[in-house]
file entry.pdb (PDB, C-alpha atoms (C1' of nucleotides))
ATOM      1  CA  MET A  93      41.975 -24.701  71.776
ATOM      2  CA  PRO A  94      45.218 -23.168  72.552
ATOM      3  CA  GLU A  95      48.811 -23.537  71.618
ATOM      4  CA  LEU A  96      51.309 -20.735  71.924
ATOM      5  CA  PRO A  97      49.883 -18.494  69.164
ATOM      6  CA  GLU A  98      46.350 -18.798  70.545
ATOM      7  CA  VAL A  99      47.395 -18.245  74.157
ATOM      8  CA  GLU A 100      49.481 -15.232  73.217
ATOM      9  CA  THR A 101      46.599 -13.856  71.152
ATOM     10  CA  VAL A 102      44.328 -14.225  74.157
ATOM     11  CA  ARG A 103      46.932 -12.520  76.330
ATOM     12  CA  ARG A 104      47.161  -9.552  73.982
ATOM     13  CA  GLY A 105      43.392  -9.302  73.895
ATOM     14  CA  LEU A 106      42.943  -9.445  77.642
ATOM     15  CA  ALA A 107      45.846  -7.253  78.640
ATOM     16  CA  PRO A 108      44.079  -3.919  78.021
ATOM     17  CA  ALA A 109      41.157  -5.036  80.180
ATOM     18  CA  LEU A 110      43.169  -6.625  82.964
ATOM     19  CA  GLU A 111      46.484  -4.847  83.378
ATOM     20  CA  GLY A 112      46.140  -2.080  85.919
ATOM     21  CA  ALA A 113      42.574  -3.061  86.756
ATOM     22  CA  THR A 114      41.382  -4.055  90.213
ATOM     23  CA  ILE A 115      39.140  -7.077  90.668
ATOM     24  CA  THR A 116      36.049  -5.930  92.514
ATOM     25  CA  ARG A 117      34.092  -9.189  92.553
ATOM     26  CA  VAL A 118      34.562 -12.791  91.435
ATOM     27  CA  GLU A 119      31.722 -15.048  90.341
ATOM     28  CA  LEU A 120      32.474 -18.758  90.482
ATOM     29  CA  ARG A 121      29.631 -20.640  88.886
ATOM     30  CA  ARG A 122      30.937 -24.057  89.826
ATOM     31  CA  LYS A 123      33.382 -25.390  92.359
ATOM     32  CA  ASP A 124      35.832 -26.870  89.903
ATOM     33  CA  LEU A 125      37.063 -26.983  86.340
ATOM     34  CA  ARG A 126      39.588 -29.710  85.617
ATOM     35  CA  LEU A 127      40.935 -28.955  89.092
ATOM     36  CA  PRO A 128      38.953 -27.614  92.046
ATOM     37  CA  PHE A 129      39.169 -23.914  92.809
ATOM     38  CA  SER A 130      40.895 -23.354  96.114
ATOM     39  CA  PRO A 131      38.270 -22.758  98.838
ATOM     40  CA  ASP A 132      39.256 -19.112  99.230
ATOM     41  CA  PHE A 133      39.819 -18.472  95.507
ATOM     42  CA  ALA A 134      37.329 -15.598  95.177
ATOM     43  CA  ARG A 135      38.310 -13.991  98.472
ATOM     44  CA  ARG A 136      42.011 -13.946  97.577
ATOM     45  CA  LEU A 137      41.310 -12.331  94.202
ATOM     46  CA  THR A 138      38.857  -9.721  95.383
ATOM     47  CA  GLY A 139      40.392  -6.292  95.809
ATOM     48  CA  ARG A 140      43.620  -7.270  94.079
ATOM     49  CA  ARG A 141      45.068  -5.151  91.322
ATOM     50  CA  ILE A 142      46.529  -6.921  88.283
ATOM     51  CA  LEU A 143      50.041  -5.706  87.589
ATOM     52  CA  ALA A 144      50.835  -7.658  84.431
ATOM     53  CA  LEU A 145      49.489 -10.454  82.251
ATOM     54  CA  LYS A 146      52.127 -12.862  80.930
ATOM     55  CA  CYS A 147      52.443 -16.192  79.131
ATOM     56  CA  ARG A 148      54.514 -19.192  80.107
ATOM     57  CA  ALA A 149      54.111 -22.286  77.939
ATOM     58  CA  LYS A 150      50.326 -22.553  77.449
ATOM     59  CA  TYR A 151      49.575 -20.769  80.727
ATOM     60  CA  LEU A 152      48.358 -17.231  81.239
ATOM     61  CA  VAL A 153      49.796 -15.702  84.382
ATOM     62  CA  ALA A 154      48.198 -12.593  85.902
ATOM     63  CA  GLU A 155      50.544 -11.123  88.490
ATOM     64  CA  LEU A 156      48.699  -9.524  91.389
ATOM     65  CA  ASP A 157      49.637  -6.729  93.769
ATOM     66  CA  ASN A 158      49.930  -9.082  96.742
ATOM     67  CA  GLY A 159      52.664 -11.312  95.371
ATOM     68  CA  GLU A 160      50.320 -13.984  94.135
ATOM     69  CA  ALA A 161      49.600 -14.907  90.525
ATOM     70  CA  LEU A 162      46.341 -16.020  88.975
ATOM     71  CA  VAL A 163      47.456 -18.890  86.760
ATOM     72  CA  MET A 164      45.059 -19.877  83.986
ATOM     73  CA  HIS A 165      45.167 -22.782  81.563
ATOM     74  CA  LEU A 166      42.604 -22.998  78.760
ATOM     75  CA  GLY A 167      42.745 -26.756  78.250
ATOM     76  CA  MET A 168      41.201 -27.723  74.928
ATOM     77  CA  SER A 169      38.111 -25.539  74.830
ATOM     78  CA  GLY A 170      38.656 -22.609  77.173
ATOM     79  CA  SER A 171      38.133 -19.049  75.994
ATOM     80  CA  PHE A 172      37.780 -15.587  77.455
ATOM     81  CA  ARG A 173      35.582 -12.755  76.448
ATOM     82  CA  ILE A 174      35.254  -9.233  77.658
ATOM     83  CA  ASP A 175      31.953  -7.647  78.530
ATOM     84  CA  GLY A 176      30.959  -4.125  79.350
ATOM     85  CA  LYS A 177      32.720  -0.855  78.926
ATOM     86  CA  THR A 178      36.287  -1.966  78.997
ATOM     87  CA  PRO A 179      39.020   0.360  77.784
ATOM     88  CA  GLY A 180      40.647  -0.512  74.517
ATOM     89  CA  VAL A 181      38.467  -3.402  73.471
ATOM     90  CA  PHE A 182      35.263  -3.966  71.597
ATOM     91  CA  HIS A 183      32.206  -5.350  73.279
ATOM     92  CA  ARG A 184      31.374  -8.911  72.350
ATOM     93  CA  ALA A 185      27.832 -10.198  72.476
ATOM     94  CA  ARG A 186      26.986 -12.899  74.969
ATOM     95  CA  ASP A 187      26.871 -16.302  73.287
ATOM     96  CA  LYS A 188      24.386 -19.061  73.463
ATOM     97  CA  ASN A 189      27.124 -20.950  75.249
ATOM     98  CA  ALA A 190      26.545 -19.081  78.465
ATOM     99  CA  ALA A 191      25.902 -22.377  80.244
ATOM    100  CA  HIS A 192      29.665 -22.848  80.124
ATOM    101  CA  ASP A 193      30.570 -19.451  81.534
ATOM    102  CA  HIS A 194      32.306 -20.638  84.685
ATOM    103  CA  VAL A 195      34.200 -17.642  86.041
ATOM    104  CA  VAL A 196      33.468 -13.918  85.851
ATOM    105  CA  LEU A 197      35.982 -11.332  86.992
ATOM    106  CA  HIS A 198      34.310  -7.972  87.623
ATOM    107  CA  LEU A 199      36.716  -5.083  87.296
ATOM    108  CA  ASP A 200      36.822  -1.587  88.713
ATOM    109  CA  HIS A 201      36.534   0.081  85.298
ATOM    110  CA  GLY A 202      33.056  -1.380  84.922
ATOM    111  CA  GLY A 203      33.903  -4.179  82.535
ATOM    112  CA  SER A 204      34.225  -7.868  83.195
ATOM    113  CA  VAL A 205      36.210 -10.801  81.885
ATOM    114  CA  ILE A 206      34.385 -14.101  81.462
ATOM    115  CA  TYR A 207      35.940 -17.543  81.234
ATOM    116  CA  ASN A 208      34.008 -20.099  79.171
ATOM    117  CA  ASP A 209      35.047 -23.735  78.851
ATOM    118  CA  PRO A 210      32.623 -26.427  77.637
ATOM    119  CA  ARG A 211      34.942 -29.362  78.209
ATOM    120  CA  ARG A 212      36.380 -27.988  81.453
ATOM    121  CA  PHE A 213      39.878 -29.215  80.733
ATOM    122  CA  GLY A 214      41.126 -25.792  81.759
ATOM    123  CA  PHE A 215      41.904 -24.743  85.324
ATOM    124  CA  MET A 216      42.837 -21.763  87.466
ATOM    125  CA  LEU A 217      45.236 -21.618  90.381
ATOM    126  CA  LEU A 218      46.529 -19.002  92.777
ATOM    127  CA  LEU A 219      50.257 -19.380  93.318
ATOM    128  CA  PRO A 220      52.984 -17.184  94.798
ATOM    129  CA  VAL A 221      54.869 -15.387  92.029
ATOM    130  CA  ALA A 222      58.211 -15.792  93.745
ATOM    131  CA  THR A 223      58.082 -19.583  93.675
ATOM    132  CA  LEU A 224      56.084 -20.076  90.503
ATOM    133  CA  ASP A 225      58.938 -21.808  88.720
ATOM    134  CA  ALA A 226      59.171 -24.343  91.527
ATOM    135  CA  ASP A 227      55.485 -25.259  91.334
ATOM    136  CA  PRO A 228      54.803 -28.706  89.865
ATOM    137  CA  HIS A 229      52.877 -27.119  86.995
ATOM    138  CA  PHE A 230      55.908 -25.053  85.937
ATOM    139  CA  ARG A 231      58.919 -26.852  87.335
ATOM    140  CA  ASP A 232      59.511 -29.225  84.447
ATOM    141  CA  LEU A 233      58.556 -26.948  81.566
ATOM    142  CA  GLY A 234      61.054 -26.753  78.754
ATOM    143  CA  VAL A 235      62.307 -23.875  76.673
ATOM    144  CA  GLU A 236      60.008 -21.315  75.080
ATOM    145  CA  PRO A 237      59.946 -21.732  71.296
ATOM    146  CA  PHE A 238      61.200 -18.196  70.636
ATOM    147  CA  ASP A 239      64.045 -18.484  73.127
ATOM    148  CA  PRO A 240      67.345 -18.249  71.221
ATOM    149  CA  VAL A 241      68.612 -21.331  73.059
ATOM    150  CA  LEU A 242      66.237 -23.369  70.907
ATOM    151  CA  ASP A 243      68.620 -24.220  68.098
ATOM    152  CA  ALA A 244      70.005 -27.277  66.322
ATOM    153  CA  SER A 245      72.394 -28.215  69.091
ATOM    154  CA  PHE A 246      69.676 -27.886  71.726
ATOM    155  CA  LEU A 247      67.481 -30.322  69.812
ATOM    156  CA  ALA A 248      70.372 -32.678  69.134
ATOM    157  CA  ASN A 249      71.057 -32.799  72.837
ATOM    158  CA  ALA A 250      67.378 -33.259  73.719
ATOM    159  CA  PHE A 251      66.761 -35.966  71.117
ATOM    160  CA  SER A 252      69.942 -37.936  71.658
ATOM    161  CA  GLY A 253      69.156 -41.472  72.749
ATOM    162  CA  ARG A 254      65.400 -40.958  72.437
ATOM    163  CA  LYS A 255      63.511 -43.699  70.664
ATOM    164  CA  ALA A 256      60.187 -41.865  70.703
ATOM    165  CA  PRO A 257      59.058 -40.397  67.378
ATOM    166  CA  VAL A 258      59.949 -36.753  66.823
ATOM    167  CA  LYS A 259      56.230 -35.919  66.808
ATOM    168  CA  ALA A 260      55.913 -37.069  70.418
ATOM    169  CA  LEU A 261      59.114 -35.332  71.469
ATOM    170  CA  LEU A 262      57.993 -31.981  70.067
ATOM    171  CA  LEU A 263      54.678 -32.300  71.924
ATOM    172  CA  ASP A 264      56.504 -32.933  75.200
ATOM    173  CA  GLN A 265      56.194 -29.706  77.186
ATOM    174  CA  ARG A 266      59.271 -30.687  79.218
ATOM    175  CA  LEU A 267      61.451 -30.153  76.143
ATOM    176  CA  ILE A 268      59.720 -27.278  74.353
ATOM    177  CA  ALA A 269      56.833 -25.522  76.075
ATOM    178  CA  GLY A 270      53.971 -24.162  74.006
ATOM    179  CA  LEU A 271      53.776 -26.409  70.971
ATOM    180  CA  GLY A 272      50.653 -28.497  70.431
ATOM    181  CA  ASN A 273      49.292 -30.844  67.829
ATOM    182  CA  ILE A 274      48.679 -28.324  65.066
ATOM    183  CA  TYR A 275      52.000 -26.526  65.082
ATOM    184  CA  VAL A 276      54.049 -29.676  65.586
ATOM    185  CA  CYS A 277      52.494 -31.126  62.429
ATOM    186  CA  GLU A 278      53.001 -27.891  60.533
ATOM    187  CA  ALA A 279      56.597 -27.430  61.703
ATOM    188  CA  LEU A 280      57.572 -30.996  60.776
ATOM    189  CA  TYR A 281      56.089 -30.484  57.343
ATOM    190  CA  ARG A 282      57.985 -27.251  56.817
ATOM    191  CA  ALA A 283      61.209 -28.877  57.958
ATOM    192  CA  GLY A 284      60.639 -31.887  55.700
ATOM    193  CA  VAL A 285      60.948 -34.290  58.633
ATOM    194  CA  SER A 286      58.773 -37.369  58.962
ATOM    195  CA  PRO A 287      56.794 -37.386  62.220
ATOM    196  CA  LYS A 288      57.654 -41.068  62.534
ATOM    197  CA  ARG A 289      61.408 -40.600  62.730
ATOM    198  CA  ALA A 290      62.862 -41.567  66.103
ATOM    199  CA  GLY A 291      64.457 -38.651  67.909
ATOM    200  CA  ALA A 292      67.822 -40.408  68.026
ATOM    201  CA  ALA A 293      67.712 -40.953  64.268
ATOM    202  CA  LEU A 294      67.949 -37.177  63.810
ATOM    203  CA  VAL A 295      71.205 -36.962  65.757
ATOM    204  CA  ARG A 296      74.546 -37.883  64.183
ATOM    205  CA  ALA A 297      77.003 -40.268  65.805
ATOM    206  CA  ASP A 298      79.130 -37.301  66.861
ATOM    207  CA  GLY A 299      76.168 -35.822  68.749
ATOM    208  CA  LYS A 300      75.495 -33.020  66.283
ATOM    209  CA  ALA A 301      72.159 -32.411  64.586
ATOM    210  CA  THR A 302      71.485 -33.932  61.189
ATOM    211  CA  ALA A 303      70.615 -31.498  58.420
ATOM    212  CA  ALA A 304      66.956 -32.421  58.834
ATOM    213  CA  LEU A 305      66.964 -31.705  62.552
ATOM    214  CA  ALA A 306      68.813 -28.450  61.982
ATOM    215  CA  ARG A 307      65.861 -27.236  59.905
ATOM    216  CA  LEU A 308      63.409 -27.676  62.770
ATOM    217  CA  PRO A 309      64.081 -24.649  64.989
ATOM    218  CA  ALA A 310      63.468 -22.171  62.175
ATOM    219  CA  ALA A 311      60.461 -24.173  60.970
ATOM    220  CA  ILE A 312      58.943 -24.040  64.459
ATOM    221  CA  GLN A 313      59.617 -20.351  64.919
ATOM    222  CA  THR A 314      58.395 -19.391  61.471
ATOM    223  CA  VAL A 315      55.119 -21.230  61.702
ATOM    224  CA  LEU A 316      54.438 -19.843  65.186
ATOM    225  CA  GLN A 317      55.288 -16.337  64.053
ATOM    226  CA  GLU A 318      52.966 -16.575  61.072
ATOM    227  CA  ALA A 319      50.186 -18.008  63.220
ATOM    228  CA  LEU A 320      50.623 -15.242  65.750
ATOM    229  CA  ALA A 321      50.379 -12.645  63.020
ATOM    230  CA  ALA A 322      47.089 -14.252  61.982
ATOM    231  CA  GLY A 323      45.662 -14.160  65.491
ATOM    232  CA  GLY A 324      46.032 -17.926  65.912
ATOM    233  CA  SER A 325      43.921 -20.698  64.431
ATOM    234  CA  SER A 326      40.174 -20.939  64.909
ATOM    235  CA  LEU A 327      39.071 -24.531  64.414
ATOM    236  CA  ARG A 328      35.801 -24.292  66.226
ATOM    237  CA  ASP A 329      35.816 -21.937  69.163
ATOM    238  CA  HIS A 330      39.079 -20.075  69.499
ATOM    239  CA  ARG A 331      38.414 -16.382  69.406
ATOM    240  CA  GLN A 332      40.388 -13.353  70.265
ATOM    241  CA  ALA A 333      39.127 -11.635  73.381
ATOM    242  CA  ASP A 334      37.278  -9.100  71.257
ATOM    243  CA  GLY A 335      35.364 -11.943  69.608
ATOM    244  CA  SER A 336      37.139 -11.914  66.284
ATOM    245  CA  LEU A 337      38.429 -15.177  64.861
ATOM    246  CA  GLY A 338      42.012 -16.135  64.197
ATOM    247  CA  TYR A 339      42.540 -17.139  60.588
ATOM    248  CA  PHE A 340      45.722 -19.185  60.477
ATOM    249  CA  GLN A 341      43.659 -22.346  59.864
ATOM    250  CA  HIS A 342      43.423 -21.187  56.246
ATOM    251  CA  SER A 343      47.191 -21.487  56.044
ATOM    252  CA  PHE A 344      47.473 -25.064  57.299
ATOM    253  CA  ARG A 345      49.540 -27.117  54.881
ATOM    254  CA  VAL A 346      48.888 -30.516  56.448
ATOM    255  CA  TYR A 347      46.844 -30.252  59.650
ATOM    256  CA  ASP A 348      43.283 -31.572  59.175
ATOM    257  CA  ARG A 349      43.929 -31.967  55.435
ATOM    258  CA  GLU A 350      43.885 -35.753  55.104
ATOM    259  CA  GLY A 351      43.477 -36.768  51.467
ATOM    260  CA  ALA A 352      44.331 -33.334  50.101
ATOM    261  CA  ALA A 353      47.165 -32.809  47.645
ATOM    262  CA  CYS A 354      50.468 -31.814  49.203
ATOM    263  CA  PRO A 355      50.758 -28.043  48.703
ATOM    264  CA  ALA A 356      54.452 -28.170  47.826
ATOM    265  CA  SER A 357      54.987 -27.237  44.198
ATOM    266  CA  GLY A 358      56.161 -30.227  42.223
ATOM    267  CA  CYS A 359      55.082 -32.745  44.890
ATOM    268  CA  ASP A 360      52.364 -35.156  43.830
ATOM    269  CA  GLY A 361      51.962 -36.572  47.354
ATOM    270  CA  THR A 362      48.746 -36.800  49.337
ATOM    271  CA  ILE A 363      48.410 -35.723  52.967
ATOM    272  CA  GLN A 364      48.055 -38.725  55.267
ATOM    273  CA  ARG A 365      46.583 -39.018  58.719
ATOM    274  CA  ILE A 366      48.107 -41.436  61.208
ATOM    275  CA  VAL A 367      47.695 -41.820  64.968
ATOM    276  CA  GLN A 368      50.687 -41.377  67.264
ATOM    277  CA  SER A 369      50.349 -41.571  71.046
ATOM    278  CA  GLY A 370      46.617 -41.518  70.551
ATOM    279  CA  ARG A 371      46.560 -38.256  68.614
ATOM    280  CA  SER A 372      46.231 -37.477  64.932
ATOM    281  CA  THR A 373      49.311 -36.640  62.930
ATOM    282  CA  PHE A 374      49.042 -35.179  59.435
ATOM    283  CA  TYR A 375      51.976 -35.268  57.022
ATOM    284  CA  CYS A 376      53.113 -35.706  53.449
ATOM    285  CA  PRO A 377      54.942 -39.029  53.051
ATOM    286  CA  ARG A 378      56.738 -37.757  49.950
ATOM    287  CA  CYS A 379      58.078 -34.496  51.359
ATOM    288  CA  GLN A 380      58.747 -35.669  54.883
ATOM    289  CA  LYS A 381      61.459 -38.283  55.263
TER     290      LYS A 381
ATOM    291  C1'  DA B 271      63.717 -43.732  82.592
ATOM    292  C1'  DA B 272      61.051 -43.702  78.698
ATOM    293  C1'  DC B 273      57.200 -44.839  76.324
ATOM    294  C1'  DA B 274      52.143 -46.191  75.148
ATOM    295  C1'  DC B 275      47.659 -45.983  76.671
ATOM    296  C1'  DC B 276      43.634 -44.287  79.153
ATOM    297  C1'  DC B 277      41.008 -40.872  81.180
ATOM    298  C1'  DC B 278      38.887 -36.319  82.320
ATOM    299  C1'  DC B 279      34.240 -33.587  79.660
ATOM    300  C1'  DT B 280      31.106 -31.764  76.180
ATOM    301  C1'  DG B 281      30.019 -30.837  71.503
ATOM    302  C1'  DT B 282      29.968 -31.828  66.647
ATOM    303  C1'  DC B 283      30.057 -34.369  62.597
ATOM    304  C1'  DG B 284      29.610 -38.227  59.433
ATOM    305  C1'  DG B 285      27.583 -42.700  58.532
ATOM    306  C1'  DC B 286      23.781 -45.613  58.769
TER     307       DC B 286
ATOM    308  C1'  DT C 138      15.046 -37.598  61.796
ATOM    309  C1'  DG C 139      17.746 -39.924  65.312
ATOM    310  C1'  DC C 140      21.238 -42.735  67.139
ATOM    311  C1'  DC C 141      26.123 -44.025  67.685
ATOM    312  C1'  DG C 142      30.888 -43.920  67.256
ATOM    313  C1'  DA C 143      34.889 -41.225  66.287
ATOM    314  C1'  DC C 144      37.175 -37.341  67.170
ATOM    315  C1'  DA C 145      38.657 -32.547  68.947
ATOM    316  C1'  DG C 146      43.747 -27.338  70.002
ATOM    317  C1'  DG C 147      45.848 -30.610  76.594
ATOM    318  C1'  DG C 148      47.898 -32.981  80.064
ATOM    319  C1'  DG C 149      48.253 -36.047  84.076
ATOM    320  C1'  DG C 150      48.254 -40.706  85.871
ATOM    321  C1'  DT C 151      49.290 -45.540  85.369
ATOM    322  C1'  DG C 152      51.322 -49.715  83.769
ATOM    323  C1'  DT C 153      54.948 -52.036  81.148
TER     324       DT C 153
END

call {"tool": "encode", "arguments": {"input": "entry.pdb", "output": "structure tokens"}}
result
Amino acid sequence: MPELPEVETVRRGLAPALEGATITRVELRRKDLRLPFSPDFARRLTGRRILALKCRAKYLVAELDNGEALVMHLGMSGSFRIDGKTPGVFHRARDKNAAHDHVVLHLDHGGSVIYNDPRRFGFMLLLPVATLDADPHFRDLGVEPFDPVLDASFLANAFSGRKAPVKALLLDQRLIAGLGNIYVCEALYRAGVSPKRAGAALVRADGKATAALARLPAAIQTVLQEALAAGGSSLRDHRQADGSLGYFQHSFRVYDREGAACPASGCDGTIQRIVQSGRSTFYCPRCQK
DNA sequence: AACACCCCCTGTCGGC
DNA sequence: TGCCGACAGGGGGTGT
């Protein structure tokens, strides 16, 4: 499901239910997701108050009152919903999918937060807040897309000497953290950069960014900002925590639009689908060079 | 080191 | 209708 706009949308939806609430009981309906729950997972969460809910890359991080953090990753198909009388949110009906409700956090205000994940590519960890950045899951993460350090010279430096296609480099969480397949395709389209271009081919001999590369930071930030404003993209199961759907998928210009006409005015190109590193890339061969 | 490929798991969709 | 393969928003491990 989730790239930065979806994860941030989930965070905004869950924050009113979680921040300031105390976890009174934890239901674990299986012993693992993608990773096993630690043996004392429920015990360590029970009785803890949640101080803040944050995002880092595609992770949700709930900081607890004992110095630990509940770290949550939604994988491809993870979602949360809120049940019961929870302040500030609407009640969402239980779905038919309840077989994939794996974790329930019961909260002291009478509501609960339920994690559902059919494919179980998501996971949850308990880690000390103080050393979170040193944990293997966080240690190598790159810059956040909205961080001002993400500019043309940052990308020129990161792409210098790299033979991998720019599509693969933008998906690499060690360079930029939070982009996924959808928004990489959309950002490359908006920047007019072919996904097949080698990273190094976007850097000039003097080490500065080419004009094409210099268009990427704004393209990335704009598409993420627009997606965020739309509540993310709902391809099949992404929902906001109140159950409503994101609608940015209606604004895709290339993603999942193979065979469609390029939306650029005056372009008579057709959106193509290719496979790079085993994943679909969508682009317009006429606009993106 | 950097890159391509495979896998984890379940559900859905299109073709036959 | 049913079966089967391809594919899906992520990421970690392995082999070259």

call {"tool": "atom_distance", "arguments": {"input": "entry.pdb", "atom1": "CA of Ile274 (chain A)", "atom2": "CA of Glu236 (chain A)"}}
result
16.7 Å

call {"tool": "resolve_selection", "arguments": {"input": "entry.pdb", "expression": "the PyMOL selection byres ((chain B and resi 285) around 12)", "output": "tab-separated table (two decimals) with C-alpha atoms (C1' of nucleotides), in the coordinates of the input"}}
result
chain	number	residue	atom	x	y	z
B	283	DC	C1'	30.06	-34.37	62.60
B	284	DG	C1'	29.61	-38.23	59.43
B	286	DC	C1'	23.78	-45.61	58.77
C	140	DC	C1'	21.24	-42.74	67.14
C	141	DC	C1'	26.12	-44.02	67.68
C	142	DG	C1'	30.89	-43.92	67.26
C	143	DA	C1'	34.89	-41.22	66.29

call {"tool": "resolve_selection", "arguments": {"input": "entry.pdb", "expression": "the PyMOL selection byres ((chain B) within 10 of (chain A))", "output": "ChimeraX atom specification"}}
result
/B:272-276,278-282

call {"tool": "interface_residues", "arguments": {"input": "entry.pdb", "of": "chain C", "to": "chain A", "cutoff": "9 Å", "atoms": "only C-alpha atoms (C1' of nucleotides)", "output": "number ranges by chain"}}
result
C: 145-148

call {"tool": "atom_distance", "arguments": {"input": "entry.pdb", "atom1": "CA of Ala304 (chain A)", "atom2": "CA of Lys381 (chain A)"}}
result
8.8 Å

call {"tool": "atom_distance", "arguments": {"input": "entry.pdb", "atom1": "CA of Pro108 (chain A)", "atom2": "CA of Leu197 (chain A)"}}
result
14.2 Å

call {"tool": "residues_around", "arguments": {"input": "entry.pdb", "residues": "Ala279 (chain A)", "least_positions_apart": "5", "cutoff": "8 Å", "atoms": "all atoms listed in the file", "output": "list in words"}}
result
Leu308, Ala311, Ile312 and Val315 of chain A

call {"tool": "resolve_selection", "arguments": {"input": "entry.pdb", "expression": "the PyMOL selection byres ((chain A and resi 174) around 6)", "output": "list in words"}}
result
Arg173, Asp175, Ser204 and Val205 of chain A

call {"tool": "write_last_selection", "arguments": {"input": "entry.pdb", "atoms": "C-alpha atoms", "output": "PDB file, in the coordinates of the input"}}
result
ATOM      1  CA  ARG A 173      35.582 -12.755  76.448  1.00  0.00           C
ATOM      2  CA  ASP A 175      31.953  -7.647  78.530  1.00  0.00           C
ATOM      3  CA  SER A 204      34.225  -7.868  83.195  1.00  0.00           C
ATOM      4  CA  VAL A 205      36.210 -10.801  81.885  1.00  0.00           C
TER       5      VAL A 205
END

call {"tool": "decode", "arguments": {"input": "entry.pdb", "residues": "region 138-151 of chain C", "atoms": "N, CA and C atoms (P, O5', C5', C4', C3', O3' and C1' of nucleotides)", "output": "short mmCIF file (atom, residue, chain, number, x, y, z; two decimals), in the first residue's frame"}}
result
data_model
loop_
_atom_site.label_atom_id
_atom_site.label_comp_id
_atom_site.auth_asym_id
_atom_site.auth_seq_id
_atom_site.Cartn_x
_atom_site.Cartn_y
_atom_site.Cartn_z
P DT C 138 -21.13 -18.20 -12.10
"O5'" DT C 138 -20.36 -19.42 -12.68
"C5'" DT C 138 -20.81 -20.74 -12.38
"C4'" DT C 138 -19.68 -21.65 -12.74
"C3'" DT C 138 -18.42 -21.37 -11.91
"O3'" DT C 138 -18.27 -22.38 -10.94
"C1'" DT C 138 -17.93 -21.61 -14.24
P DG C 139 -17.13 -22.39 -9.90
"O5'" DG C 139 -15.88 -22.89 -10.76
"C5'" DG C 139 -15.96 -24.10 -11.51
"C4'" DG C 139 -14.59 -24.38 -12.05
"C3'" DG C 139 -13.47 -24.04 -11.07
"O3'" DG C 139 -12.41 -24.94 -11.29
"C1'" DG C 139 -13.21 -22.74 -12.99
P DC C 140 -11.43 -25.37 -10.20
"O5'" DC C 140 -10.03 -25.34 -10.95
"C5'" DC C 140 -9.92 -25.92 -12.25
"C4'" DC C 140 -8.85 -25.16 -13.00
"C3'" DC C 140 -7.65 -24.80 -12.13
"O3'" DC C 140 -6.51 -25.39 -12.68
"C1'" DC C 140 -8.40 -22.94 -13.42
P DC C 141 -5.08 -25.11 -12.20
"O5'" DC C 141 -4.72 -23.88 -13.13
"C5'" DC C 141 -4.51 -24.02 -14.54
"C4'" DC C 141 -3.62 -22.88 -14.95
"C3'" DC C 141 -2.48 -22.64 -13.95
"O3'" DC C 141 -1.30 -22.27 -14.63
"C1'" DC C 141 -3.86 -20.73 -14.03
P DG C 142 0.06 -22.10 -13.87
"O5'" DG C 142 0.56 -20.74 -14.52
"C5'" DG C 142 0.22 -20.44 -15.88
"C4'" DG C 142 0.26 -18.95 -16.08
"C3'" DG C 142 1.45 -18.28 -15.42
"O3'" DG C 142 1.96 -17.30 -16.32
"C1'" DG C 142 -0.54 -17.32 -14.57
P DA C 143 3.24 -16.46 -15.96
"O5'" DA C 143 2.59 -15.03 -15.68
"C5'" DA C 143 1.73 -14.45 -16.66
"C4'" DA C 143 1.30 -13.09 -16.15
"C3'" DA C 143 2.43 -12.29 -15.50
"O3'" DA C 143 2.35 -10.94 -15.92
"C1'" DA C 143 0.67 -12.60 -13.94
P DC C 144 3.50 -9.95 -15.54
"O5'" DC C 144 2.85 -9.17 -14.33
"C5'" DC C 144 1.57 -8.58 -14.47
"C4'" DC C 144 1.08 -8.18 -13.10
"C3'" DC C 144 2.17 -7.53 -12.25
"O3'" DC C 144 1.89 -6.15 -12.10
"C1'" DC C 144 0.80 -9.05 -11.02
P DA C 145 2.96 -5.21 -11.42
"O5'" DA C 145 2.32 -4.95 -9.98
"C5'" DA C 145 1.10 -4.23 -9.87
"C4'" DA C 145 0.64 -4.25 -8.43
"C3'" DA C 145 1.78 -4.13 -7.43
"O3'" DA C 145 2.07 -2.76 -7.18
"C1'" DA C 145 0.26 -5.86 -6.80
P DG C 146 3.45 -2.13 -7.57
"O5'" DG C 146 3.73 -0.95 -6.58
"C5'" DG C 146 2.71 -0.16 -6.02
"C4'" DG C 146 3.27 0.66 -4.90
"C3'" DG C 146 4.05 -0.10 -3.82
"O3'" DG C 146 4.76 0.82 -3.03
"C1'" DG C 146 1.89 0.29 -3.10
P DG C 147 6.24 0.52 -2.73
"O5'" DG C 147 6.15 -0.74 -1.77
"C5'" DG C 147 5.68 -0.60 -0.46
"C4'" DG C 147 6.63 -1.25 0.53
"C3'" DG C 147 8.08 -0.78 0.38
"O3'" DG C 147 8.60 -0.61 1.70
"C1'" DG C 147 7.96 -3.12 0.06
P DG C 148 10.09 -0.09 1.89
"O5'" DG C 148 10.95 -1.41 2.08
"C5'" DG C 148 10.67 -2.24 3.18
"C4'" DG C 148 11.48 -3.49 3.10
"C3'" DG C 148 12.97 -3.23 2.85
"O3'" DG C 148 13.69 -4.22 3.55
"C1'" DG C 148 12.19 -4.69 1.28
P DG C 149 14.72 -3.82 4.65
"O5'" DG C 149 15.34 -5.23 5.07
"C5'" DG C 149 14.47 -6.31 5.37
"C4'" DG C 149 15.04 -7.58 4.78
"C3'" DG C 149 16.57 -7.63 4.77
"O3'" DG C 149 16.97 -8.92 5.19
"C1'" DG C 149 15.74 -8.05 2.61
P DG C 150 18.44 -9.23 5.65
"O5'" DG C 150 18.83 -10.45 4.72
"C5'" DG C 150 17.98 -11.58 4.64
"C4'" DG C 150 18.34 -12.35 3.40
"C3'" DG C 150 19.85 -12.56 3.23
"O3'" DG C 150 20.12 -13.94 3.09
"C1'" DG C 150 18.87 -11.69 1.23
P DT C 151 21.61 -14.47 3.02
"O5'" DT C 151 21.79 -14.73 1.46
"C5'" DT C 151 20.81 -15.48 0.75
"C4'" DT C 151 21.16 -15.48 -0.72
"C3'" DT C 151 22.66 -15.69 -1.01
"O3'" DT C 151 22.80 -16.68 -2.01
"C1'" DT C 151 21.87 -13.78 -2.14
#
